[in-house]
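Peer 1: Next comes the structure file coords.pdb, holding PDB, C-alpha atoms.
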MODEL        1
ATOM      1  CA  ASN L 215      94.969  73.537 174.988
ATOM      2  CA  ALA L 216      93.325  74.873 171.833
ATOM      3  CA  GLY L 217      92.973  71.669 169.778
ATOM      4  CA  VAL L 218      91.521  72.517 166.349
ATOM      5  CA  THR L 219      90.681  76.148 165.703
ATOM      6  CA  GLN L 220      88.533  77.284 162.804
ATOM      7  CA  THR L 221      87.908  80.834 161.697
ATOM      8  CA  PRO L 222      85.582  82.503 160.987
ATOM      9  CA  LYS L 223      82.551  80.987 162.724
ATOM     10  CA  PHE L 224      80.072  82.684 160.405
ATOM     11  CA  GLN L 225      80.449  84.157 156.919
ATOM     12  CA  VAL L 226      78.129  85.513 154.258
ATOM     13  CA  LEU L 227      79.482  85.741 150.700
ATOM     14  CA  LYS L 228      78.070  86.971 147.447
ATOM     15  CA  THR L 229      78.121  84.653 144.468
ATOM     16  CA  GLY L 230      81.485  84.831 142.761
ATOM     17  CA  GLN L 231      83.433  86.093 145.763
ATOM     18  CA  SER L 232      86.432  84.216 147.059
ATOM     19  CA  MET L 233      87.474  83.488 150.605
ATOM     20  CA  THR L 234      89.652  81.245 152.735
ATOM     21  CA  LEU L 235      88.475  79.255 155.727
ATOM     22  CA  GLN L 236      91.277  78.899 158.226
ATOM     23  CA  CYS L 237      92.083  75.787 160.241
ATOM     24  CA  ALA L 238      94.915  75.342 162.706
ATOM     25  CA  GLN L 239      95.775  72.534 165.107
ATOM     26  CA  ASP L 240      98.334  72.477 167.899
ATOM     27  CA  MET L 241      98.529  68.708 168.462
ATOM     28  CA  ASN L 242     101.240  67.995 165.872
ATOM     29  CA  HIS L 243      98.788  65.773 163.968
ATOM     30  CA  GLU L 244      99.775  64.433 160.583
ATOM     31  CA  TYR L 245      96.295  64.110 159.131
ATOM     32  CA  MET L 246      93.941  67.017 158.515
ATOM     33  CA  SER L 247      90.634  67.075 156.668
ATOM     34  CA  TRP L 248      87.860  69.379 155.564
ATOM     35  CA  TYR L 249      84.206  68.336 155.558
ATOM     36  CA  ARG L 250      80.962  69.973 154.668
ATOM     37  CA  GLN L 251      77.766  69.119 156.511
ATOM     38  CA  ASP L 252      74.410  69.376 154.787
ATOM     39  CA  PRO L 253      71.033  68.174 156.112
ATOM     40  CA  GLY L 254      70.458  64.487 155.436
ATOM     41  CA  MET L 255      73.880  64.007 153.874
ATOM     42  CA  GLY L 256      76.117  63.680 156.897
ATOM     43  CA  LEU L 257      79.663  64.952 156.652
ATOM     44  CA  ARG L 258      81.212  64.709 153.225
ATOM     45  CA  LEU L 259      84.970  64.819 152.792
ATOM     46  CA  ILE L 260      86.171  67.705 150.614
ATOM     47  CA  HIS L 261      89.968  67.421 150.806
ATOM     48  CA  TYR L 262      92.425  65.845 153.166
ATOM     49  CA  SER L 263      96.139  65.855 153.881
ATOM     50  CA  VAL L 264      98.396  63.185 155.333
ATOM     51  CA  GLY L 265     101.265  65.569 156.019
ATOM     52  CA  ALA L 266     102.858  68.861 155.058
ATOM     53  CA  GLY L 267     103.045  69.208 151.287
ATOM     54  CA  ILE L 268     100.653  66.302 150.645
ATOM     55  CA  THR L 269      96.970  66.752 149.849
ATOM     56  CA  ASP L 270      94.337  64.678 148.112
ATOM     57  CA  GLN L 271      90.743  64.956 147.031
ATOM     58  CA  GLY L 272      87.828  63.619 148.991
ATOM     59  CA  GLU L 273      84.252  62.955 147.902
ATOM     60  CA  VAL L 274      83.247  66.510 146.914
ATOM     61  CA  PRO L 275      86.375  68.498 145.939
ATOM     62  CA  ASN L 276      84.983  70.628 143.096
ATOM     63  CA  GLY L 277      85.074  74.356 143.801
ATOM     64  CA  TYR L 278      87.562  74.057 146.636
ATOM     65  CA  ASN L 279      91.352  74.242 146.869
ATOM     66  CA  VAL L 280      93.681  73.359 149.725
ATOM     67  CA  SER L 281      97.356  73.494 150.548
ATOM     68  CA  ARG L 282      99.418  72.236 153.477
ATOM     69  CA  SER L 283     102.602  74.233 153.837
ATOM     70  CA  THR L 284     102.966  73.511 157.561
ATOM     71  CA  THR L 285     101.863  70.710 159.874
ATOM     72  CA  GLU L 286      99.694  73.124 161.849
ATOM     73  CA  ASP L 287      97.638  74.832 159.142
ATOM     74  CA  PHE L 288      95.250  73.557 156.495
ATOM     75  CA  PRO L 289      93.298  76.400 154.834
ATOM     76  CA  LEU L 290      90.341  75.775 152.522
ATOM     77  CA  ARG L 291      89.878  78.179 149.619
ATOM     78  CA  LEU L 292      86.697  78.929 147.742
ATOM     79  CA  LEU L 293      87.801  80.565 144.497
ATOM     80  CA  SER L 294      84.366  81.624 143.212
ATOM     81  CA  ALA L 295      81.591  81.002 145.705
ATOM     82  CA  ALA L 296      78.307  79.501 144.540
ATOM     83  CA  PRO L 297      74.983  79.131 146.412
ATOM     84  CA  SER L 298      75.521  75.344 146.348
ATOM     85  CA  GLN L 299      78.457  75.895 148.691
ATOM     86  CA  THR L 300      76.174  77.167 151.436
ATOM     87  CA  SER L 301      76.917  74.721 154.231
ATOM     88  CA  VAL L 302      78.576  74.175 157.570
ATOM     89  CA  TYR L 303      82.263  73.391 157.195
ATOM     90  CA  PHE L 304      84.287  71.379 159.689
ATOM     91  CA  CYS L 305      88.010  70.929 159.906
ATOM     92  CA  ALA L 306      89.428  67.842 161.626
ATOM     93  CA  SER L 307      92.816  66.478 162.530
ATOM     94  CA  ASN L 308      94.088  63.121 163.723
ATOM     95  CA  GLY L 309      97.436  61.688 164.484
ATOM     96  CA  GLY L 310      97.531  58.833 161.995
ATOM     97  CA  SER L 311      97.599  55.126 162.565
ATOM     98  CA  LEU L 312      98.907  55.251 166.126
ATOM     99  CA  ASN L 313      96.492  57.888 167.333
ATOM    100  CA  THR L 314      93.381  57.576 165.278
ATOM    101  CA  GLU L 315      90.822  59.731 167.087
ATOM    102  CA  ALA L 316      89.828  62.747 165.002
ATOM    103  CA  PHE L 317      89.391  66.099 166.678
ATOM    104  CA  PHE L 318      87.029  68.625 165.161
ATOM    105  CA  GLY L 319      86.822  72.364 165.074
ATOM    106  CA  GLN L 320      83.600  74.118 166.024
ATOM    107  CA  GLY L 321      82.592  74.685 162.423
ATOM    108  CA  THR L 322      82.115  77.589 160.006
ATOM    109  CA  ARG L 323      78.615  78.399 158.865
ATOM    110  CA  LEU L 324      78.873  79.767 155.324
ATOM    111  CA  THR L 325      76.014  81.330 153.397
ATOM    112  CA  VAL L 326      76.422  82.236 149.730
ATOM    113  CA  VAL L 327      73.763  84.614 148.401
TER     114      VAL L 327
ATOM    115  CA  ALA R  63      86.013  52.026 147.781
ATOM    116  CA  GLN R  64      85.256  52.925 151.361
ATOM    117  CA  SER R  65      81.705  53.759 152.431
ATOM    118  CA  VAL R  66      79.559  53.988 155.551
ATOM    119  CA  THR R  67      75.778  53.559 155.633
ATOM    120  CA  GLN R  68      73.549  54.464 158.534
ATOM    121  CA  LEU R  69      70.317  52.643 158.019
ATOM    122  CA  ASP R  70      67.973  54.987 159.882
ATOM    123  CA  SER R  71      67.774  58.735 159.361
ATOM    124  CA  GLN R  72      65.608  59.271 162.445
ATOM    125  CA  VAL R  73      65.007  57.131 165.520
ATOM    126  CA  PRO R  74      62.271  58.242 167.930
ATOM    127  CA  VAL R  75      62.303  56.554 171.327
ATOM    128  CA  PHE R  76      60.783  57.121 174.731
ATOM    129  CA  GLU R  77      62.911  58.045 177.706
ATOM    130  CA  GLU R  78      64.397  55.052 179.588
ATOM    131  CA  ALA R  79      63.816  52.731 176.616
ATOM    132  CA  PRO R  80      66.718  50.923 174.917
ATOM    133  CA  VAL R  81      67.958  52.095 171.539
ATOM    134  CA  GLU R  82      70.084  50.760 168.691
ATOM    135  CA  LEU R  83      71.474  52.921 165.903
ATOM    136  CA  ARG R  84      72.611  50.866 162.944
ATOM    137  CA  CYS R  85      75.773  51.303 160.900
ATOM    138  CA  ASN R  86      77.255  49.224 158.091
ATOM    139  CA  TYR R  87      80.571  49.832 156.376
ATOM    140  CA  SER R  88      82.365  48.584 153.321
ATOM    141  CA  SER R  89      86.063  48.688 152.684
ATOM    142  CA  SER R  90      88.661  46.666 150.858
ATOM    143  CA  VAL R  91      91.213  47.360 153.573
ATOM    144  CA  SER R  92      91.251  47.394 157.349
ATOM    145  CA  VAL R  93      89.325  50.205 158.910
ATOM    146  CA  TYR R  94      88.983  51.730 162.289
ATOM    147  CA  LEU R  95      85.401  52.517 163.284
ATOM    148  CA  PHE R  96      83.965  55.389 165.288
ATOM    149  CA  TRP R  97      80.743  56.839 166.584
ATOM    150  CA  TYR R  98      80.486  60.601 167.039
ATOM    151  CA  VAL R  99      77.695  62.664 168.563
ATOM    152  CA  GLN R 100      76.697  66.181 167.596
ATOM    153  CA  TYR R 101      74.487  68.245 169.870
ATOM    154  CA  PRO R 102      72.582  71.159 168.293
ATOM    155  CA  ASN R 103      74.828  73.933 167.003
ATOM    156  CA  GLN R 104      77.962  72.214 168.231
ATOM    157  CA  GLY R 105      80.897  70.333 166.761
ATOM    158  CA  LEU R 106      81.419  66.583 166.851
ATOM    159  CA  GLN R 107      82.384  64.680 169.988
ATOM    160  CA  LEU R 108      83.802  61.165 170.026
ATOM    161  CA  LEU R 109      81.525  58.591 171.692
ATOM    162  CA  LEU R 110      83.619  55.485 171.159
ATOM    163  CA  LYS R 111      86.005  53.785 168.789
ATOM    164  CA  TYR R 112      87.012  50.337 167.609
ATOM    165  CA  LEU R 113      90.647  49.898 166.653
ATOM    166  CA  SER R 114      91.304  46.220 167.381
ATOM    167  CA  GLY R 115      90.817  43.588 170.073
ATOM    168  CA  SER R 116      87.503  43.066 171.846
ATOM    169  CA  THR R 117      84.586  43.517 169.502
ATOM    170  CA  LEU R 118      82.428  45.132 172.197
ATOM    171  CA  VAL R 119      83.554  48.642 172.937
ATOM    172  CA  LYS R 120      82.228  50.943 175.604
ATOM    173  CA  GLY R 121      82.085  54.682 175.280
ATOM    174  CA  ILE R 122      80.974  57.735 177.141
ATOM    175  CA  ASN R 123      77.457  58.403 178.445
ATOM    176  CA  GLY R 124      76.621  54.698 178.716
ATOM    177  CA  PHE R 125      76.859  53.929 175.004
ATOM    178  CA  GLU R 126      78.444  50.792 173.589
ATOM    179  CA  ALA R 127      78.950  49.335 170.141
ATOM    180  CA  GLU R 128      79.730  45.926 168.737
ATOM    181  CA  PHE R 129      82.006  45.327 165.781
ATOM    182  CA  ASN R 130      80.830  42.466 163.595
ATOM    183  CA  LYS R 131      83.311  41.725 160.837
ATOM    184  CA  SER R 132      81.216  39.079 159.065
ATOM    185  CA  GLN R 133      78.241  41.434 158.814
ATOM    186  CA  THR R 134      80.439  44.538 158.349
ATOM    187  CA  SER R 135      78.422  46.286 161.020
ATOM    188  CA  PHE R 136      79.152  48.540 163.968
ATOM    189  CA  HIS R 137      75.816  49.190 165.674
ATOM    190  CA  LEU R 138      75.531  51.603 168.596
ATOM    191  CA  ARG R 139      73.403  50.711 171.624
ATOM    192  CA  LYS R 140      72.293  52.163 174.910
ATOM    193  CA  PRO R 141      70.125  50.194 177.366
ATOM    194  CA  SER R 142      68.253  53.224 178.716
ATOM    195  CA  VAL R 143      68.206  56.627 177.044
ATOM    196  CA  HIS R 144      67.738  60.062 178.570
ATOM    197  CA  ILE R 145      66.262  63.235 177.180
ATOM    198  CA  SER R 146      69.800  64.627 177.068
ATOM    199  CA  ASP R 147      70.783  61.945 174.525
ATOM    200  CA  THR R 148      68.728  63.753 171.877
ATOM    201  CA  ALA R 149      71.307  64.569 169.206
ATOM    202  CA  GLU R 150      72.629  63.515 165.831
ATOM    203  CA  TYR R 151      74.883  60.492 165.746
ATOM    204  CA  PHE R 152      77.455  59.736 163.080
ATOM    205  CA  CYS R 153      79.208  56.494 162.302
ATOM    206  CA  ALA R 154      82.619  56.842 160.632
ATOM    207  CA  ALA R 155      85.343  54.634 159.172
ATOM    208  CA  LEU R 156      89.027  55.491 158.917
ATOM    209  CA  SER R 157      91.021  53.670 156.258
ATOM    210  CA  SER R 158      94.241  52.258 157.671
ATOM    211  CA  ASN R 159      96.187  52.868 154.464
ATOM    212  CA  THR R 160      94.906  56.231 153.181
ATOM    213  CA  GLY R 161      93.989  58.062 156.360
ATOM    214  CA  LYS R 162      90.591  59.010 154.896
ATOM    215  CA  LEU R 163      87.831  59.334 157.490
ATOM    216  CA  ILE R 164      84.442  58.775 155.884
ATOM    217  CA  PHE R 165      81.115  59.435 157.608
ATOM    218  CA  GLY R 166      77.660  57.993 157.300
ATOM    219  CA  GLN R 167      74.636  60.185 156.671
ATOM    220  CA  GLY R 168      73.812  60.539 160.345
ATOM    221  CA  THR R 169      70.936  59.368 162.562
ATOM    222  CA  THR R 170      68.856  61.790 164.557
ATOM    223  CA  LEU R 171      67.940  60.308 167.923
ATOM    224  CA  GLN R 172      64.798  61.896 169.352
ATOM    225  CA  VAL R 173      64.145  60.979 172.961
ATOM    226  CA  LYS R 174      60.588  61.697 174.067
ATOM    227  CA  PRO R 175      59.414  62.080 177.683
TER     228      PRO R 175
ENDMDL
END
Show this structure as structure tokens.
Peer 2:
Amino acid sequence: NAGVTQTPKFQVLKTGQSMTLQCAQDMNHEYMSWYRQDPGMGLRLIHYSVGAGITDQGEVPNGYNVSRSTTEDFPLRLLSAAPSQTSVYFCASNGGSLNTEAFFGQGTRLTVV
Amino acid sequence: AQSVTQLDSQVPVFEEAPVELRCNYSSSVSVYLFWYVQYPNQGLQLLLKYLSGSTLVKGINGFEAEFNKSQTSFHLRKPSVHISDTAEYFCAALSSNTGKLIFGQGTTLQVKP
């Protein structure tokens, strides 16, 4: 019972490089979200999706892209990494109004140098 | 707009003392409310949730929270804390119409012997 799986767990990028953080869930959840966690700022919502083919911006979307081609996967793309994107990233999923508990991945620690 | 405010960034307390972690929310629509705990270098774990019904909800590890609609609060309490409760605690609100899950800034609970 995998739940929410994030890869990689750690990543170091150089400024200007691009990469994709992967997130997959096996619970058939409609809703998926990406957050970044920074000291003293809690978890801030980057992008979220309420179903395949539907995405929307959260609180801090700049510099990040997402797509939702399947129910299971919700990748987060950094097109041109910046030091300000150094953070811990969490992916979450929940089943919508009838099953509202969110399940989280273990996080990806990203450092941009 | 939907927002969550945790009023204390750090709460130091001695072992076996009671503790209250404060959370206020604002939303123009119905929300579901949650408390999550994060132990060092780990992901988030659900402590408890309020969806509807009784305003006093009980969670894991002896924690409970009370939903107060008139004060828009959802404070977390524990009558007697243990060293193992040292962690960061996050209050969160899920909008019933958008599916957005928004977090507060977090409260670090430091339990001292």
Peer 1: CA of Leu171 (chain R) and CA of Ser71 (chain R), how far apart in Å?
Peer 2: 8.7 Å
Peer 1: What separation in Å, quoted to one decimal, exists between CA of Thr234 (chain L) and CA of Thr160 (chain R)?
Peer 2: 25.6 Å
Peer 1: Name the residues that the PyMOL selection byres ((chain L) within 12 of (chain R)) picks from the file above, as a ChimeraX atom specification, using the file's chain letters and numbers.
Peer 2: /L:218-220,223,243-265,268-274,302-323
Peer 1: Please identify all polymer residues within 9 Å of Glu286 (chain L), counting all atoms listed in the file, omitting same-chain residues fewer than 6 positions from it, and present them as a ChimeraX atom specification.
Peer 2: /L:237-244,266
Peer 1: Once 5 Å is added on each side, what centre and edge lengths in Å to one decimal does the axis-aligned box around all listed atoms of region 101-118 of chain R have, as AutoDock Vina command-line options?
Peer 2:
--center_x 81.9 --center_y 58.5 --center_z 169.4 --size_x 28.7 --size_y 40.9 --size_z 15.5
Peer 1: Take the PyMOL selection byres ((chain R and resi 127) around 8), run it mentally on this structure, and tell me the resulting residues as a list in words.
Peer 2: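 Applying the expression gives Leu110, Leu118, Val119, Lys120, Phe125, Glu126, Glu128, Phe129, Phe136, His137, Leu138 and Arg139 of chain R.
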Peer 1: Would you please work out which residue, of R:Thr117, R:Ser90, R:Asn123, R:Gln100, is nearest to Ala149 (chain R) when using all atoms listed in the file?
Peer 2: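 Distance minimum relative to Ala149 (chain R) lands on R:Gln100.
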Peer 1: Assuming the chain letters and numbering stay as they are in my file, what does the PyMOL selection byres ((chain R and resi 75) around 7) actually select? List them as a PyMOL selection string.
Peer 2: chain R and resi 73-74+76-77+79+172-174
Peer 1: Please report the interatomic distance between CA of Val143 (chain R) and CA of Gly115 (chain R) in Å with one decimal.
Peer 2: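 Between these atoms lies a distance of 27.0 Å.
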Peer 1: Go through L:Pro297, L:Gly230, L:Pro289, L:Gly267 and flag the residue nearest Thr325 (chain L), using all atoms listed in the file for the distances.
Peer 2: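 Ranked by minimum distance to Thr325 (chain L), first place goes to L:Pro297.
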Peer 1: In the coordinate frame of the file, compute which residues have an atom within 12 Å of (77.8, 79.7, 142.9) when using all atoms listed in the file, and state them as a list in words.
Peer 2: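 Counting all atoms listed in the file, I find these residues within 12 Å of (77.8, 79.7, 142.9): Leu227, Lys228, Thr229, Gly230, Gln231, Ser232, Asn276, Gly277, Tyr278, Leu292, Leu293, Ser294, Ala295, Ala296, Pro297, Ser298, Gln299, Thr300, Thr325, Val326 and Val327 of chain L.
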Peer 1: Nearest to Trp97 (chain R) among R:Ala63, R:Ile145, R:Ala155, R:Val81, with distances taken over only C-alpha atoms: which residue is it?
Peer 2: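 Checking each of R:Ala63, R:Ile145, R:Ala155, R:Val81 against Trp97 (chain R), counting only C-alpha atoms, the winner is R:Ala155.
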Peer 1: For region 260-276 of chain L, write N, CA and C atoms out as a compact mmCIF listing (two decimals), in the first residue's frame.
Peer 2:
# COMPACT_ATOMS: atom_id res chain seq x y z
N ILE L 260 1.54 25.49 -4.05
CA ILE L 260 2.12 25.94 -5.33
C ILE L 260 1.08 25.79 -6.44
N HIS L 261 0.64 24.56 -6.68
CA HIS L 261 -0.40 24.26 -7.65
C HIS L 261 -1.23 23.12 -7.10
N TYR L 262 -2.46 23.02 -7.61
CA TYR L 262 -3.27 21.88 -7.23
C TYR L 262 -4.15 21.46 -8.41
N SER L 263 -4.72 20.27 -8.26
CA SER L 263 -5.54 19.70 -9.34
C SER L 263 -6.74 19.00 -8.71
N VAL L 264 -7.90 19.21 -9.31
CA VAL L 264 -9.11 18.57 -8.79
C VAL L 264 -9.53 17.39 -9.65
N GLY L 265 -8.69 17.03 -10.61
CA GLY L 265 -8.97 15.86 -11.44
C GLY L 265 -8.09 15.89 -12.67
N ALA L 266 -8.05 14.78 -13.39
CA ALA L 266 -7.24 14.70 -14.59
C ALA L 266 -7.63 15.79 -15.57
N GLY L 267 -6.63 16.50 -16.08
CA GLY L 267 -6.84 17.56 -17.04
C GLY L 267 -7.20 18.91 -16.44
N ILE L 268 -7.28 18.98 -15.10
CA ILE L 268 -7.69 20.23 -14.45
C ILE L 268 -6.63 20.62 -13.43
N THR L 269 -6.02 21.79 -13.61
CA THR L 269 -5.07 22.29 -12.62
C THR L 269 -5.36 23.76 -12.35
N ASP L 270 -4.86 24.23 -11.23
CA ASP L 270 -5.04 25.64 -10.88
C ASP L 270 -3.88 26.09 -10.01
N GLN L 271 -3.70 27.41 -9.96
CA GLN L 271 -2.60 27.96 -9.20
C GLN L 271 -2.93 28.06 -7.73
N GLY L 272 -1.90 27.91 -6.91
CA GLY L 272 -2.04 28.12 -5.49
C GLY L 272 -1.50 29.49 -5.09
N GLU L 273 -0.85 29.54 -3.93
CA GLU L 273 -0.36 30.80 -3.39
C GLU L 273 0.94 31.28 -4.04
N VAL L 274 1.80 30.32 -4.42
CA VAL L 274 3.14 30.67 -4.92
C VAL L 274 3.45 29.91 -6.21
N PRO L 275 2.75 30.17 -7.30
CA PRO L 275 2.91 29.36 -8.52
C PRO L 275 4.09 29.75 -9.43
N ASN L 276 4.63 30.96 -9.24
CA ASN L 276 5.62 31.46 -10.19
C ASN L 276 6.88 30.60 -10.20
